[in-house]
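What follows is a single structure, written as structure tokens, with notes after it.
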Amino acid sequence: MTPIDRSHIRVKAMLIAPNDDVTAHVVALHPPTAENASGYHRLIGGSVELGESHGDAIVREVDEELGATIRDLTLLTAGESIFRIDGVLGHEIVFLYMGRLEPSPNLEDASLTEIDGTVVPVVWRPIHDRDESLPLYPSAAVGWVHRLSSERPTH
């Protein structure tokens with residue numbers, strides 16, 4: 001496994017991908033770190049490659065990670081994410097998108113492989129996540145996910 005080089009600012013494209021009834025969205029479940037003793041959730045997506053647009057990057061990443069395409073792809077915002085993983089400083093510029101996965105994955109035993117070779121499970125995280133103990137990253141996505149929760153009709 002090659003460690004991720006966090007010595008420079010990275011450009012990322014990440015996706016909020018709700019299910020059809022907008023009760024959950026797809027995330028990667030990462031193992032515990034010094035900062036998050038129980039692990040954490042991170043949106044699907046990854047690095048923009050040299051010469052690639054962020055829009056092309058999210059389409060490529062979703063295909064590579066989940067074997068899916070994105071319908072109704074919408075750019076929500078771009079933001080800065082400064083964080084630590086096991087004490088190591090990280091800095092990213094994140095282009096945050098929303099879209100529906102086609103096909104919508106059955107996430108039983110689903111996983112993806114990170115750039116450093118780490119295999120992480122892929123799970124559905126509730127949109128209404130007040131009872132969720134794991135944090136969601138990038139943190140700029142939290143407000144966008146909560147908007148989905150507040151916009152969803154209650155039954």
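Order determines the names: the first chain of the structure tokens is A, the second B, and so forth; residues in each chain are numbered 1 upward, and ligands are numbered 1 upward as they are shown.
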
| message | Would you pick out the contacts of region 121-123 of chain A at 9 Å or less, using only C-alpha atoms, so that residues sharing its chain but fewer than 2 positions from it are not included, and give the list as a count of residues only? | response | 18

| How would you write, as a PyMOL selection string, the set of residues in region 47-117 of chain A that DSSP gives as strand (DSSP E)? | chain A and resi 47+69-85+88-102+111-113

| request: Skip Glu49 (chain A) itself and residues of its chain fewer than 2 positions away, then list as number ranges by chain all residues within 12 Å of it, counting only C-alpha atoms. | output: A: 10-13, 46-47, 51-58, 60-61

Write a file of the selected residues as a PDB file, in the first residue's frame, keeping C-alpha atoms.
```pdb
ATOM      1  CA  ARG A  10      -5.603  18.230  -3.682  1.00  0.00           C
ATOM      2  CA  VAL A  11      -8.608  18.899  -5.929  1.00  0.00           C
ATOM      3  CA  LYS A  12     -11.551  16.519  -5.399  1.00  0.00           C
ATOM      4  CA  ALA A  13     -14.994  15.924  -6.883  1.00  0.00           C
ATOM      5  CA  GLY A  46     -12.015  11.342  -5.539  1.00  0.00           C
ATOM      6  CA  SER A  47      -9.195  13.306  -7.044  1.00  0.00           C
ATOM      7  CA  GLY A  51      -6.112  17.829 -17.496  1.00  0.00           C
ATOM      8  CA  GLU A  52      -9.501  16.497 -16.324  1.00  0.00           C
ATOM      9  CA  SER A  53     -12.475  18.704 -15.431  1.00  0.00           C
ATOM     10  CA  HIS A  54     -14.098  18.194 -12.029  1.00  0.00           C
ATOM     11  CA  GLY A  55     -17.323  17.187 -13.801  1.00  0.00           C
ATOM     12  CA  ASP A  56     -15.520  14.486 -15.751  1.00  0.00           C
ATOM     13  CA  ALA A  57     -13.739  13.396 -12.558  1.00  0.00           C
ATOM     14  CA  ILE A  58     -16.944  12.681 -10.610  1.00  0.00           C
ATOM     15  CA  ARG A  60     -15.118   8.648 -13.766  1.00  0.00           C
ATOM     16  CA  GLU A  61     -14.828   8.136 -10.001  1.00  0.00           C
TER      17      GLU A  61
END
```

| query | By how many Å are CA of Asp5 (chain A) and CA of Glu114 (chain A) apart? | reply | 12.9 Å

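CA of Pro105 (chain A) lies 16.3 Å from CA of Ile127 (chain A).
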
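Interatomic distance, CA of Ala17 (chain A) to CA of Leu43 (chain A): 8.5 Å.
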
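Each of A:Ala34, A:Leu101, A:Met14, A:Ile70 was compared to Ser139 (chain A) using only C-alpha atoms, and A:Met14 turns out to be the nearest.
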
| Among listed residues A:Leu134, A:Ile93, A:Met98, A:Ala140, nearest Arg71 (chain A) (using only C-alpha atoms) | A:Met98

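Per DSSP on the backbone, alpha helix (DSSP H) in chain A comprises His54, Gly55, Asp56, Ala57, Ile58, Val59, Arg60, Glu61, Val62, Asp63, Glu64, Glu65, Leu66, Ala141, Val142, Gly143, Trp144, Val145, His146, Arg147, Leu148, Ser149, Ser150 and Glu151 of chain A.
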
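Residues in contact with Pro135 (chain A) at up to 9 Å, not including ones fewer than 5 positions away on its chain and judged by only C-alpha atoms, are Asn36, Gly39, Tyr40, His41 and Arg42 of chain A.
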
Mind checking which residues fall within 10 Å of Ala141 (chain A), counting only C-alpha atoms, ignoring those fewer than 2 positions away in the same chain, and posting them as an mmCIF file with C-alpha atoms, in the first residue's frame?
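The new file part.cif reads:
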```cif
data_model
loop_
_atom_site.group_PDB
_atom_site.id
_atom_site.type_symbol
_atom_site.label_atom_id
_atom_site.label_comp_id
_atom_site.auth_asym_id
_atom_site.auth_seq_id
_atom_site.Cartn_x
_atom_site.Cartn_y
_atom_site.Cartn_z
ATOM 1 C CA MET A 14 -17.494 14.273 -4.527
ATOM 2 C CA LEU A 15 -21.130 13.231 -4.805
ATOM 3 C CA ILE A 16 -24.179 13.302 -2.566
ATOM 4 C CA ARG A 42 -16.943 10.073 3.395
ATOM 5 C CA LEU A 43 -18.815 10.889 0.217
ATOM 6 C CA LEU A 76 -23.839 22.327 -5.719
ATOM 7 C CA THR A 77 -20.766 24.244 -4.587
ATOM 8 C CA GLY A 79 -15.397 24.460 -0.920
ATOM 9 C CA VAL A 94 -13.848 19.925 -3.146
ATOM 10 C CA LEU A 96 -19.575 18.984 -4.413
ATOM 11 C CA TYR A 97 -22.204 17.442 -6.673
ATOM 12 C CA LEU A 136 -19.582 12.862 7.506
ATOM 13 C CA TYR A 137 -16.747 14.309 5.427
ATOM 14 C CA PRO A 138 -16.154 16.598 3.749
ATOM 15 C CA SER A 139 -17.888 18.589 6.453
ATOM 16 C CA GLY A 143 -25.498 21.290 5.361
ATOM 17 C CA TRP A 144 -26.422 20.147 1.856
ATOM 18 C CA VAL A 145 -27.507 16.729 3.138
ATOM 19 C CA HIS A 146 -29.580 18.337 5.897
#
```

| field | Selection near region 20-24 of chain A, 9 Å with only C-alpha atoms, sequence-local residues under 3 positions removed, as a ChimeraX atom specification | value | /A:17,100,104,124-129,148-149,152

Store the residues of this selection in a file with N, CA and C atoms, as a PDB file, in the first residue's frame.
```
ATOM      1  N   ALA A  17     -25.318  11.243  -3.189  1.00  0.00           N
ATOM      2  CA  ALA A  17     -26.122  10.372  -4.058  1.00  0.00           C
ATOM      3  C   ALA A  17     -27.264   9.756  -3.253  1.00  0.00           C
ATOM      4  N   ARG A 100     -28.257  11.131  -8.901  1.00  0.00           N
ATOM      5  CA  ARG A 100     -28.799   9.793  -8.620  1.00  0.00           C
ATOM      6  C   ARG A 100     -27.953   8.745  -9.332  1.00  0.00           C
ATOM      7  N   SER A 104     -29.235   2.142  -9.097  1.00  0.00           N
ATOM      8  CA  SER A 104     -29.143   2.423  -7.665  1.00  0.00           C
ATOM      9  C   SER A 104     -28.563   1.174  -7.006  1.00  0.00           C
ATOM     10  N   TRP A 124     -25.297   2.812   2.974  1.00  0.00           N
ATOM     11  CA  TRP A 124     -26.301   3.876   2.921  1.00  0.00           C
ATOM     12  C   TRP A 124     -26.289   4.592   4.269  1.00  0.00           C
ATOM     13  N   ARG A 125     -26.111   5.906   4.261  1.00  0.00           N
ATOM     14  CA  ARG A 125     -26.188   6.732   5.473  1.00  0.00           C
ATOM     15  C   ARG A 125     -27.543   7.437   5.463  1.00  0.00           C
ATOM     16  N   PRO A 126     -28.269   7.429   6.584  1.00  0.00           N
ATOM     17  CA  PRO A 126     -29.568   8.113   6.608  1.00  0.00           C
ATOM     18  C   PRO A 126     -29.418   9.604   6.274  1.00  0.00           C
ATOM     19  N   ILE A 127     -30.354  10.127   5.505  1.00  0.00           N
ATOM     20  CA  ILE A 127     -30.384  11.569   5.230  1.00  0.00           C
ATOM     21  C   ILE A 127     -30.670  12.294   6.547  1.00  0.00           C
ATOM     22  N   HIS A 128     -31.662  11.789   7.281  1.00  0.00           N
ATOM     23  CA  HIS A 128     -31.997  12.325   8.598  1.00  0.00           C
ATOM     24  C   HIS A 128     -31.034  11.645   9.574  1.00  0.00           C
ATOM     25  N   ASP A 129     -29.865  12.262   9.806  1.00  0.00           N
ATOM     26  CA  ASP A 129     -28.750  11.571  10.459  1.00  0.00           C
ATOM     27  C   ASP A 129     -28.428  12.077  11.863  1.00  0.00           C
ATOM     28  N   LEU A 148     -31.618  18.338   2.181  1.00  0.00           N
ATOM     29  CA  LEU A 148     -32.412  17.249   1.588  1.00  0.00           C
ATOM     30  C   LEU A 148     -33.414  16.739   2.607  1.00  0.00           C
ATOM     31  N   SER A 149     -32.958  16.572   3.852  1.00  0.00           N
ATOM     32  CA  SER A 149     -33.818  16.070   4.911  1.00  0.00           C
ATOM     33  C   SER A 149     -34.990  17.013   5.163  1.00  0.00           C
ATOM     34  N   ARG A 152     -37.572  16.990   2.205  1.00  0.00           N
ATOM     35  CA  ARG A 152     -38.294  15.738   1.955  1.00  0.00           C
ATOM     36  C   ARG A 152     -39.644  15.781   2.664  1.00  0.00           C
TER      37      ARG A 152
END
```
